[in-house]
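Novice: Sharing a structure, written as structure tokens. Questions coming.
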Amino acid sequence: MDCSEESRMIIMEDSLDEDPAQAEKLKRTLTAHRHRRKKPLREAAGAPEPPPEEGSPASMAAAPPGAAHQAPRGLPPVPSASRTGFAEFSVRERMREKLKAARSKAESTLLQEDPSPRPRRLKSIREKKTEVRLDKESDKDEFREMQEDESHISSKVKFHDSAKKPKQKTSVQNDFPSAEETYKFFTFDFDSEAERVKAGIRKKNELNHEEEAEEEEDVETHEEGQEEDETDEDAHLVKDDDLFDLGQTAQDFLVVKPAECESYSEQLQREKEFLFIPSMQAVPASQKMPGNMQPRFLEDEGLYTGERPFVPPSNLNILENRILRQEQGKEWFGDDGKILALPNPIKQSLTRPPIFSLEEGIEPELETLYRKAIKVTAASQYLVGPGDFQGPFQLDIDISGLIFTHHPCFSREHVLAAKLAQLYDQYLARKQKNLTTLLTDKLHALRNAVQCSIDGGDAAVPKPVAQQSIPEYKIEIRQTRRLRDAEQEKDRTLLKTIIKVWKEMKSLRDFQKFTNTPMKLYLRKEEVDQRLDEKAYEAEIQDEINELLEECREEYEKKMEEYETELQEWKSWKKAQKSKKKKKKKDLREEEESVDDCDFGEEPVKPIPPKMVNSLEIEQQAREKADNLRRKPGEPVLIPELVLSGSITPSELCPRAEVLRREDVKKRSSFIKVLFNSKEVSRTVTRPISSDFRVHFGQIFNLQIFNWPESVKLQIYETVGISSTTLLAEVFIPIPETTVLTGSTPIEEIEFSSNQRVMLDHEGVGSGVSFSFEADGSNKMTLMTSGKVSNSVSWAVGEKGVPLIPPVSQQNTGIASALKNIDAIASIGTSGLTDMKKLAKWAAEAKLDPNDPNNAALMQLITVATSGEARVPDFFRLEQLQQEFNFVSDEELNRSKRFRLLQLRNAEVAEFRNYKPVPLHEREISEKLFQDYEKRLRERDVTDSKHYLDAHRAIVANYLQKVQESVINRFLVAKHHFLLSDLVNEEEIPSLGILGLSIFKLAEPKRPLKPRRKERKKVTAQNLSDGDIKLLVNIIRAYDIPVRKTVSKLQQPSRHSRPFNEMFAASPSAQSPGENIDWVFNQVLVRPFVEVSFQRTVCRTTTAEGPNPNWNEELELPFRAPNGDYSSHSLQSVKDEVFINLFDEVLYDIGEDDHERGSGIHTRVERHWLGCVKIPFTTIYFQARIDGTFKVDIPPVLLGYSKEKNLGNDRGYDSVRNLSEGSYITLFITIEPQLIPGESVREKFDTQEDEKLLQAAAKYEAECTSKFPSRQCLTTVVDLSGKSVFITRYIKPLNPPQELLDAHPNSSQTTAELVARYVALIPFLPDSVSFAGICDLWSTSDQFLDLLAGDEEEHAVLLCNYFLGMGKKAWLIIGNAIPEGATAYVLTLEQNQYAIWNPSTGCFYGQFDTFCPLQNVYCLISCDNIWFNIQEYDSPVRINFDISKPKLWKSFFSRSLPYPGFCSVQPEELIYQDSDKAAVAELQGRIEKILKEKIMDWRPRHLTRWNRYCTSTLRHFLPLLEQNQGKDVEDDHQAELQKQLGDYRVSGFPIHMPFSEVGPLVEAVRSTGVHTIDVSNVEFALAVYVHAYPQNVLSVWIYVASLVRNQ
Amino acid sequence: MAAAGSPDVFLVAVSGQIESGQFPGFDDLYCKFCFVYGQDWVPTAGLEEGISQITSKSDAANSTLVWNFPIDITFKSTNPSGWPQIVVSVYGPDFFGNDVVRGYGAVHVPIMPGRHMRTIPMFVPESTSRLQKFTSWFTGRRPEFTDPRVVAQGEGREVTRVRSQGFVTISFNVVTKDMKKLGYEVTPSDMQNHSLVSVTEGIHNY
């Protein structure tokens, strides 16, 4: 193809130069050619052999005639169409260039010269392009060379000539078409037809598939035709010389008739006659079912039907349609109207393990493995173990013969004969057993025994024993008699039937006038002595009568007894009745109605006395019975005898029907197949059935076996004539016991029967067909083919007399016979299915395949059964395998300390959660380990007040612990639920915004002037260990640190607490600058430094100077997780706090005298605590970083220090300074590396809220968070019982304690502050510590007050409720604050100003207070609505709190969803208990004692002296402090102390705390470092004051001071 | 400490090497390994973690990347529960040169003493969506396990989807001490005198 194309190119190029017009024409024909060629090319995939025409037209066009002869033959097969295209383009391009060059070259050189370079190069191009075609290269070369040779030398000339010739020819109109014309005609015609067909295909593509398939065939036939055409053409071409018939066009053939072509539809029509196209329509069920049957669906009926293999519905429909066309097509459909199909055999899962090769270069599938040849042993379970005698064992099966007890060919006489024979056999069997005589003898013996014991003749037997046994004997006698009677009756009826059948047979023989059987019955009479007989008979009857009488008497007596008791009852009843009646008669007048009632009472029937049975009656009965059952006395004994001596009537004398029957019998023969383990091993010879329907085989089969047989089966076949063989029946033969050896086995007869239905047209009665012996056809009987196989199966005996039996170990399996293996019901009967024991035994013996899903139901049973010998437990076990795996009993397991430890650790009990390693030996585990745990368990319910100083706190702590435990347990469960993000780190899809941002980032400066902290990569806490985590504390600067005061100091006017309006005023300064001037110069500098302590690690900064120091230092503290467990769960529950303590470093010159002072400086460094900031670790953990300015918690009084805002006055920016009251410190705290905080539990909580409300809430939340993802929107919260509650239910006006309201009746502001202080005094307990990982739990205000512990939310809710109760306008703010993080504050509206209250400190801030810890405001919540902040900013300074503006605040309840009016979860009213003053006083004493002891403990090497004067003075100060809420009393203290103590340098301060436990108090005192002073003559003073507010809210004041006497 | 007669712990010494990997289509890979073990296990000697050199495929041995990276560690334990597992993760550059994970896999250290070969099928987590897949391919930040140790635990795996990718072959030489004295039988009684060749062969064939 390529080749031809190329050559064509060459020509084209050549011709271009010569004659453009001609070339034009040439081109046209070529395109026509190509067009034609393209079509087959498109279908080339299906046609490997190119049509012979492929190359020819082109080559013809190209090569001179001579060349054309050879060219087509050597052409390669068609390459793919695409390649042609490619070749076409590139070759064209290259060829054009090459040819140009070559032509100019050729012109310059001589014509005769060898043009070798051109073909070479051509070839190289080709090679590059088509490596695949290398093998064909030689052919091509040949061709090309030829072509080149000729064309090059004379192509121009020749081409010219040949091109001209046809042109001339066509111009002359010939009368008949030339050869070329016919050729053209054909090609042209074919072209158009091909087009048409194609069009047809295109059109019909829209038709359905089946037609399409057909069409393709159609097309193919067309193509074939085409090919033929073209070979035709070829033939023409070969002959023809004038090839270049270029001028011819379609117009030249207009006169010619179109070729015959039958239309497609016609063709279809014709094909329809002999083609059947199954429709794809679904077949209606009615067609598939025979005769109007409804399809039944086995699956619906509860039967198991496997999953069908998947067949596409269309294919299924086609198949069904196809099947239905056939005869008996319906047989293929099941009851459910679907095609019968086996269940899908394809497994759902792959079972083949992956293969991978270790060899190189070999496909893993093809890798060969060497395996040593081993002897394959079959099914392992029956395999004989190695080492035993391996030889083949032998089972001898002796099949001696076959007797039919019924056969279709039986004549009536045969039927009777068989019956007779059967009865006779029965008779013989009975006779052999002789039960009647046996029983009679027994009866006699019993009677004798009774007689003897009654007579008492036997002295050997003691009387009472004998007496006792009499009734037993009697019962025995009765039973025996009954049995004997039954047997006698049977004997007699059997005899009667035998005689009857024999009579029938005789009459039949008479009737049909021939005999078929040699059977004859003789009845032998045995005469008896009549007298003796009569006597015995009579005696027997008498005995019986006596016994019966006795029996009746007994019965009578029994009945009599019953009667008497009944009679007694009746009589008593009667009496009662009578007395009643009498009574009634008296009462009749009064109560007439009651008479009626009496009559309704049921009246017991008077019992009828039993009748004594008449002895005569009994005698009559006995006699009658004897008549029926027994031989009459004197009657001869009849003994039947069956002989086969009769003569059979020869066939000639028989009627035709009988002759036919006999002939039929002769035709029949039978054989038996022996099947061992369901496989045929041998069969007997085929023997004809004799006329008496016996077949004799007499063959012995020796089966050599390896394994214990599963089953031995015989199949009985019957052949009729030569043709058909039918299986009559299968008989299972029991596998013999090991003791059954050849030679000693009797022949056994095994019965079989067949359910075959045979009807014959001769005398034979057939089988399964009813027939009758009576003339009128009544009394019909139906007999089935049946018979007996006489055989014996036994184990062979080997040469040395060794029995060839598989070893005894296999015997057990042998007992479970083949039959048992197959069906449980067959082996143990249907009743066995309900008898668990039997079933279990069967299951154990049957060796079911445990992997067979059919047995799945049984397998559980089997596992139960195998635990004991078919012992069925009388209990039901859910985990039936559990007991098997218990390697010791539970008690023993519990006793073991090690297992207990392992169990507890596995259960993640707090004490043992990360305990490691568990020792290997029991002895290494000390009892102590469990003591704590056990103690905790014990004390769970016992409250220990000692530990808590306060009984109430103890209860609360206990309660909290319980809540915590349950919550933690829930959490532990939830912890094991994983999300994808927990396991897999995956980049999020960058949104457009992020992409834009990152582009923007490219433009930003590399080193910005104000660098920002970058987000660091977060680390999951899993793979961390000790020392990996560090706490970074960056201490930047502090403001307004208290400064030292000189001892002689001016009195400052004490400031009053600022009123609200003053606070908001622009310039609230109450101090006059003039007063301070001299003071400033006197001032002693403060030298503050910061000490950070965390987890007992202490780090400090350098010392700075002045009240506004600037440190800018980074401190690094290591972090250690409890138990080395760095899981997020454990980190959340870290209770440690970071203490940031502010100290003043004081240098004291301690030079003793001037002499020393001259030579050196001797100073002592003291540090004085100024204040602290506490930040819980959990806050840092959850916030990831804490950045901001914090208020330093400075005690209200600092002896020796003052917090005057003096500097500001000079510098003139006092207005800025004065906004702050306390001291502030700027910090940045973070954890390195950054930890991912654990997520709250993903758990949906129960709720009692309305579903609609919840939906609305979810929608609202979604809307809000979509707009402001960083702002938290809170609608529902979780209460203490773990239920979701709508948040507004928590807000409700509540009454604050009356005591607080009464304190300052005229100042609402003071009252508000007092209330806030009260709320702040309730101890703080963050949820995240107690309920680690769980989302916030909100307790109601009464719960909160009961528990006296809660976090920000509870405080805020209570405060808000109080404010509402006081008539203020108040809202709950959900927002973000430092350092708490997400928190709740309270907003109040005071005199058109908004005030923000921090509920956990009791402080309040103005909206525009820059030091307000609240940073962001997200939501406002009132008792009836929620407002979400949709303003641009969320800092309280920058937002508008006017919630009436919907553009600023998005409300939850609006006009579309009005507030439905919820009832609150809060109580109606809070009831406060008065605190127990005595208890408080006691607590106060105890705290003081504990603290003093602690301080002494902390100074182990120094003497700790307590200054009693100072202590008592301090003690006086404290109540005052409480009264003033710690404000502005310091100066008094200083002066007072000075006055009291004289020349002492006192440094000290009061600490104020809410009271929850002693621990925090101790910690607080310790953190101040008061005890660290090591001056030898130091004295201490410590005073504690506990003030009780209602409801046991305690405010604790601790005043600590150190005193150094001034020399 | 305890007398020689009654040891308190048993020791398991594991040496061997991460021999080679088969990662069709990938080249220039390196691998990391670490051991994951239960609470009662303590490594007493040797390296718990390691990172191998980058290896490239050779022309001769096609598709096998050879690391021959030695492992050598000794554990002591009181409890066979939490028997150590080796977790191997393989990394290599992707089309854009980003370092991406090519497979995670884990296998228990063989319990029986002797020489063992183990071939671990490796897998990588799949992206959650096609778009994710594309972006992760494009950015070179494919999904990874937060911790390679995840593959040694069964908990939480149900939320992930993984694709299998290659194999790593590891040889172990295991020596145990005092196991039997403490009542842990790891070798069948009839096996003790036989060579372990058949066992390892069987593993090989698998």
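Chains: A, B, ... in order of the structure tokens. Residues: from 1 per chain. Ligands: from 1, in order shown.
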Dump as JSON lines the rows for residues of chain B within 9 Å of chain A: closest atom pair and distance in Å with one decimal, only C-alpha atoms counted, ordered by chain and rising residue number.
Specialist:
{"residue": "B:Asp8", "atom": "CA", "partner": "A:Leu920", "partner_atom": "CA", "distance": 6.2}
{"residue": "B:Val9", "atom": "CA", "partner": "A:Leu920", "partner_atom": "CA", "distance": 6.7}
{"residue": "B:Gln39", "atom": "CA", "partner": "A:Lys916", "partner_atom": "CA", "distance": 5.8}
{"residue": "B:Asp40", "atom": "CA", "partner": "A:Pro917", "partner_atom": "CA", "distance": 4.2}
{"residue": "B:Trp41", "atom": "CA", "partner": "A:Pro917", "partner_atom": "CA", "distance": 7.0}
{"residue": "B:Val42", "atom": "CA", "partner": "A:Pro917", "partner_atom": "CA", "distance": 8.3}
{"residue": "B:Ala61", "atom": "CA", "partner": "A:Glu360", "partner_atom": "CA", "distance": 7.0}
{"residue": "B:Asn62", "atom": "CA", "partner": "A:Glu360", "partner_atom": "CA", "distance": 7.4}
{"residue": "B:Ser63", "atom": "CA", "partner": "A:Glu360", "partner_atom": "CA", "distance": 8.9}
{"residue": "B:Thr64", "atom": "CA", "partner": "A:Glu360", "partner_atom": "CA", "distance": 8.8}
{"residue": "B:Ser77", "atom": "CA", "partner": "A:Pro917", "partner_atom": "CA", "distance": 7.8}
{"residue": "B:Thr78", "atom": "CA", "partner": "A:Leu920", "partner_atom": "CA", "distance": 4.7}
{"residue": "B:Asn79", "atom": "CA", "partner": "A:Leu920", "partner_atom": "CA", "distance": 6.6}
{"residue": "B:Pro125", "atom": "CA", "partner": "A:Val984", "partner_atom": "CA", "distance": 7.2}
{"residue": "B:Ser127", "atom": "CA", "partner": "A:Glu986", "partner_atom": "CA", "distance": 7.4}
{"residue": "B:Thr128", "atom": "CA", "partner": "A:Glu986", "partner_atom": "CA", "distance": 8.5}
{"residue": "B:Leu131", "atom": "CA", "partner": "A:Ile989", "partner_atom": "CA", "distance": 7.6}
{"residue": "B:Gln132", "atom": "CA", "partner": "A:Ile989", "partner_atom": "CA", "distance": 6.1}
{"residue": "B:Thr135", "atom": "CA", "partner": "A:Ile989", "partner_atom": "CA", "distance": 6.7}
{"residue": "B:Ser136", "atom": "CA", "partner": "A:Glu987", "partner_atom": "CA", "distance": 6.8}
{"residue": "B:Thr139", "atom": "CA", "partner": "A:Glu987", "partner_atom": "CA", "distance": 9.0}
{"residue": "B:Arg141", "atom": "CA", "partner": "A:Glu987", "partner_atom": "CA", "distance": 6.5}
{"residue": "B:Arg142", "atom": "CA", "partner": "A:Glu986", "partner_atom": "CA", "distance": 6.5}
{"residue": "B:Pro143", "atom": "CA", "partner": "A:Glu986", "partner_atom": "CA", "distance": 4.3}
{"residue": "B:Glu144", "atom": "CA", "partner": "A:Asn985", "partner_atom": "CA", "distance": 5.0}
{"residue": "B:Phe145", "atom": "CA", "partner": "A:Val984", "partner_atom": "CA", "distance": 4.2}
{"residue": "B:Thr146", "atom": "CA", "partner": "A:Val984", "partner_atom": "CA", "distance": 5.2}
{"residue": "B:Asp147", "atom": "CA", "partner": "A:Leu983", "partner_atom": "CA", "distance": 7.3}
{"residue": "B:Arg149", "atom": "CA", "partner": "A:Asn1023", "partner_atom": "CA", "distance": 8.8}
{"residue": "B:Val150", "atom": "CA", "partner": "A:Leu983", "partner_atom": "CA", "distance": 7.0}
{"residue": "B:Glu155", "atom": "CA", "partner": "A:His976", "partner_atom": "CA", "distance": 7.3}
{"residue": "B:Gly156", "atom": "CA", "partner": "A:Phe978", "partner_atom": "CA", "distance": 5.0}
{"residue": "B:Arg157", "atom": "CA", "partner": "A:Leu983", "partner_atom": "CA", "distance": 7.8}
{"residue": "B:Glu158", "atom": "CA", "partner": "A:Phe978", "partner_atom": "CA", "distance": 8.3}
{"residue": "B:Val159", "atom": "CA", "partner": "A:Leu980", "partner_atom": "CA", "distance": 5.3}
{"residue": "B:Thr160", "atom": "CA", "partner": "A:Leu980", "partner_atom": "CA", "distance": 6.0}
{"residue": "B:Phe167", "atom": "CA", "partner": "A:Phe356", "partner_atom": "CA", "distance": 8.9}
{"residue": "B:Leu182", "atom": "CA", "partner": "A:Leu920", "partner_atom": "CA", "distance": 8.4}
{"residue": "B:His204", "atom": "CA", "partner": "A:Leu358", "partner_atom": "CA", "distance": 8.2}
{"residue": "B:Asn205", "atom": "CA", "partner": "A:Leu369", "partner_atom": "CA", "distance": 8.4}
{"residue": "B:Tyr206", "atom": "CA", "partner": "A:Ile355", "partner_atom": "CA", "distance": 7.2}
Novice: Report, in Å to a single decimal, how far apart CA of Ser753 in chain A and CA of Phe676 in chain A are.
Specialist: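 Computing it gives 20.5 Å between the two atoms.
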Novice: Which polymer residues have any atom within 6 Å of an atom of Asn1376 in chain A, counting only C-alpha atoms, with same-chain residues fewer than 6 positions away left out, as a ChimeraX atom specification?
Specialist: /A:1382-1383,1415-1416
Novice: Which neighbours of Phe1363 in chain A fall inside 10 Å, counting only C-alpha atoms, when residues of the same chain fewer than 3 positions from it are skipped, and could you give them as a list in words?
Specialist: Lys1292, Pro1293, Leu1294, Asn1295, Pro1296, Ala1312, Val1315, Ala1316, Val1357, Leu1358, Leu1359, Cys1360, Met1366, Gly1367, Lys1368, Lys1369, Ala1370, Trp1371, Val1386, Leu1387 and Thr1388 of chain A
Novice: Store the residues of this selection in a file with all heavy atoms, as a short mmCIF file (atom, residue, chain, number, x, y, z; two decimals), in the first residue's frame.
Specialist:
data_model
loop_
_atom_site.label_atom_id
_atom_site.label_comp_id
_atom_site.auth_asym_id
_atom_site.auth_seq_id
_atom_site.Cartn_x
_atom_site.Cartn_y
_atom_site.Cartn_z
N LYS A 1292 -32.68 32.98 82.73
CA LYS A 1292 -33.94 33.25 83.41
C LYS A 1292 -33.64 34.13 84.62
O LYS A 1292 -32.65 33.89 85.31
CB LYS A 1292 -34.55 31.94 83.88
CG LYS A 1292 -35.92 32.10 84.49
CD LYS A 1292 -36.37 30.83 85.15
CE LYS A 1292 -37.74 31.03 85.72
NZ LYS A 1292 -37.84 30.59 87.09
N PRO A 1293 -34.41 35.15 84.86
CA PRO A 1293 -34.14 35.99 86.04
C PRO A 1293 -34.17 35.16 87.31
O PRO A 1293 -35.10 34.39 87.54
CB PRO A 1293 -35.29 37.01 86.03
CG PRO A 1293 -35.79 37.00 84.65
CD PRO A 1293 -35.55 35.64 84.09
N LEU A 1294 -33.13 35.31 88.12
CA LEU A 1294 -33.06 34.56 89.37
C LEU A 1294 -32.69 35.52 90.50
O LEU A 1294 -32.01 36.53 90.26
CB LEU A 1294 -32.02 33.46 89.27
CG LEU A 1294 -32.40 32.23 88.43
CD1 LEU A 1294 -31.22 31.31 88.31
CD2 LEU A 1294 -33.58 31.50 89.04
N ASN A 1295 -33.11 35.16 91.66
CA ASN A 1295 -32.87 36.04 92.80
C ASN A 1295 -31.48 35.82 93.39
O ASN A 1295 -31.13 34.69 93.70
CB ASN A 1295 -33.93 35.80 93.86
CG ASN A 1295 -33.97 34.34 94.27
OD1 ASN A 1295 -33.94 33.46 93.42
ND2 ASN A 1295 -34.02 34.09 95.56
N PRO A 1296 -30.69 36.88 93.52
CA PRO A 1296 -29.43 36.73 94.23
C PRO A 1296 -29.71 36.61 95.72
O PRO A 1296 -30.83 36.89 96.17
CB PRO A 1296 -28.67 38.03 93.94
CG PRO A 1296 -29.55 38.83 93.05
CD PRO A 1296 -30.90 38.24 93.04
N ALA A 1312 -24.39 45.37 92.43
CA ALA A 1312 -24.04 44.58 91.25
C ALA A 1312 -22.63 44.03 91.38
O ALA A 1312 -22.36 42.86 91.07
CB ALA A 1312 -24.15 45.45 90.00
N VAL A 1315 -22.60 41.25 93.83
CA VAL A 1315 -23.17 40.02 93.26
C VAL A 1315 -22.14 39.37 92.35
O VAL A 1315 -21.92 38.15 92.39
CB VAL A 1315 -24.48 40.34 92.51
CG1 VAL A 1315 -24.90 39.17 91.65
CG2 VAL A 1315 -25.58 40.70 93.47
N ALA A 1316 -21.49 40.17 91.55
CA ALA A 1316 -20.48 39.63 90.64
C ALA A 1316 -19.37 38.98 91.44
O ALA A 1316 -18.84 37.93 91.06
CB ALA A 1316 -19.92 40.74 89.76
N VAL A 1357 -23.75 32.34 83.27
CA VAL A 1357 -25.19 32.15 83.30
C VAL A 1357 -25.75 32.63 84.63
O VAL A 1357 -26.75 33.36 84.68
CB VAL A 1357 -25.53 30.66 83.05
CG1 VAL A 1357 -26.97 30.37 83.40
CG2 VAL A 1357 -25.25 30.29 81.61
N LEU A 1358 -25.08 32.26 85.70
CA LEU A 1358 -25.58 32.66 87.02
C LEU A 1358 -25.56 34.17 87.17
O LEU A 1358 -26.53 34.78 87.62
CB LEU A 1358 -24.73 31.99 88.11
CG LEU A 1358 -25.21 32.24 89.53
CD1 LEU A 1358 -26.57 31.58 89.74
CD2 LEU A 1358 -24.22 31.71 90.55
N LEU A 1359 -24.48 34.76 86.74
CA LEU A 1359 -24.38 36.21 86.87
C LEU A 1359 -25.44 36.92 86.03
O LEU A 1359 -26.09 37.85 86.48
CB LEU A 1359 -22.97 36.65 86.45
CG LEU A 1359 -22.64 38.11 86.70
CD1 LEU A 1359 -22.71 38.42 88.19
CD2 LEU A 1359 -21.25 38.45 86.16
N CYS A 1360 -25.59 36.43 84.83
CA CYS A 1360 -26.58 37.02 83.93
C CYS A 1360 -27.98 36.90 84.54
O CYS A 1360 -28.76 37.86 84.53
CB CYS A 1360 -26.52 36.30 82.59
SG CYS A 1360 -27.57 37.00 81.35
N MET A 1366 -32.16 41.30 89.14
CA MET A 1366 -32.06 42.61 89.77
C MET A 1366 -32.67 43.68 88.89
O MET A 1366 -32.60 44.88 89.19
CB MET A 1366 -30.59 42.95 90.03
CG MET A 1366 -29.98 42.16 91.18
SD MET A 1366 -28.20 42.08 91.06
CE MET A 1366 -27.76 43.76 91.35
N GLY A 1367 -33.23 43.28 87.79
CA GLY A 1367 -33.91 44.23 86.94
C GLY A 1367 -33.01 44.90 85.91
O GLY A 1367 -33.41 45.86 85.25
N LYS A 1368 -31.80 44.40 85.77
CA LYS A 1368 -30.92 44.98 84.75
C LYS A 1368 -31.21 44.34 83.41
O LYS A 1368 -31.83 43.28 83.30
CB LYS A 1368 -29.45 44.69 85.11
CG LYS A 1368 -28.90 45.51 86.25
CD LYS A 1368 -27.48 45.06 86.49
CE LYS A 1368 -26.90 45.64 87.75
NZ LYS A 1368 -26.45 47.02 87.59
N LYS A 1369 -30.72 45.01 82.40
CA LYS A 1369 -30.75 44.40 81.07
C LYS A 1369 -29.44 43.65 80.90
O LYS A 1369 -28.36 44.25 80.96
CB LYS A 1369 -30.88 45.48 80.00
CG LYS A 1369 -32.29 45.96 79.80
CD LYS A 1369 -32.40 46.70 78.47
CE LYS A 1369 -33.85 46.80 78.04
NZ LYS A 1369 -33.95 47.46 76.74
N ALA A 1370 -29.52 42.38 80.70
CA ALA A 1370 -28.29 41.60 80.65
C ALA A 1370 -28.37 40.54 79.56
O ALA A 1370 -29.44 40.04 79.25
CB ALA A 1370 -28.05 40.93 82.00
N TRP A 1371 -27.23 40.27 79.00
CA TRP A 1371 -27.12 39.22 77.97
C TRP A 1371 -25.90 38.37 78.27
O TRP A 1371 -24.95 38.84 78.92
CB TRP A 1371 -26.95 39.82 76.57
CG TRP A 1371 -28.09 40.65 76.12
CD1 TRP A 1371 -29.15 40.24 75.40
CD2 TRP A 1371 -28.25 42.05 76.35
NE1 TRP A 1371 -30.01 41.28 75.15
CE2 TRP A 1371 -29.48 42.42 75.74
CE3 TRP A 1371 -27.53 43.04 77.02
CZ2 TRP A 1371 -29.98 43.72 75.75
CZ3 TRP A 1371 -28.03 44.32 77.04
CH2 TRP A 1371 -29.24 44.66 76.41
N VAL A 1386 -20.67 38.39 80.45
CA VAL A 1386 -22.02 38.94 80.61
C VAL A 1386 -21.98 40.40 80.19
O VAL A 1386 -21.03 41.13 80.50
CB VAL A 1386 -22.50 38.80 82.07
CG1 VAL A 1386 -23.86 39.45 82.25
CG2 VAL A 1386 -22.56 37.35 82.47
N LEU A 1387 -22.99 40.76 79.46
CA LEU A 1387 -23.10 42.15 79.00
C LEU A 1387 -24.29 42.79 79.71
O LEU A 1387 -25.37 42.20 79.78
CB LEU A 1387 -23.32 42.16 77.49
CG LEU A 1387 -23.48 43.51 76.82
CD1 LEU A 1387 -22.12 44.18 76.70
CD2 LEU A 1387 -24.11 43.36 75.45
N THR A 1388 -24.06 43.96 80.25
CA THR A 1388 -25.20 44.68 80.86
C THR A 1388 -25.27 46.07 80.25
O THR A 1388 -24.28 46.59 79.74
CB THR A 1388 -25.06 44.81 82.38
OG1 THR A 1388 -23.80 45.40 82.67
CG2 THR A 1388 -25.18 43.47 83.06
#
Novice: Considering only C-alpha atoms, can you say which of B:Met122, B:Val168, B:Ala152, B:Ile86 comes closest to Arg102 in chain B?
Specialist: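 Nearest candidate to Arg102 in chain B out of B:Met122, B:Val168, B:Ala152, B:Ile86: B:Met122.
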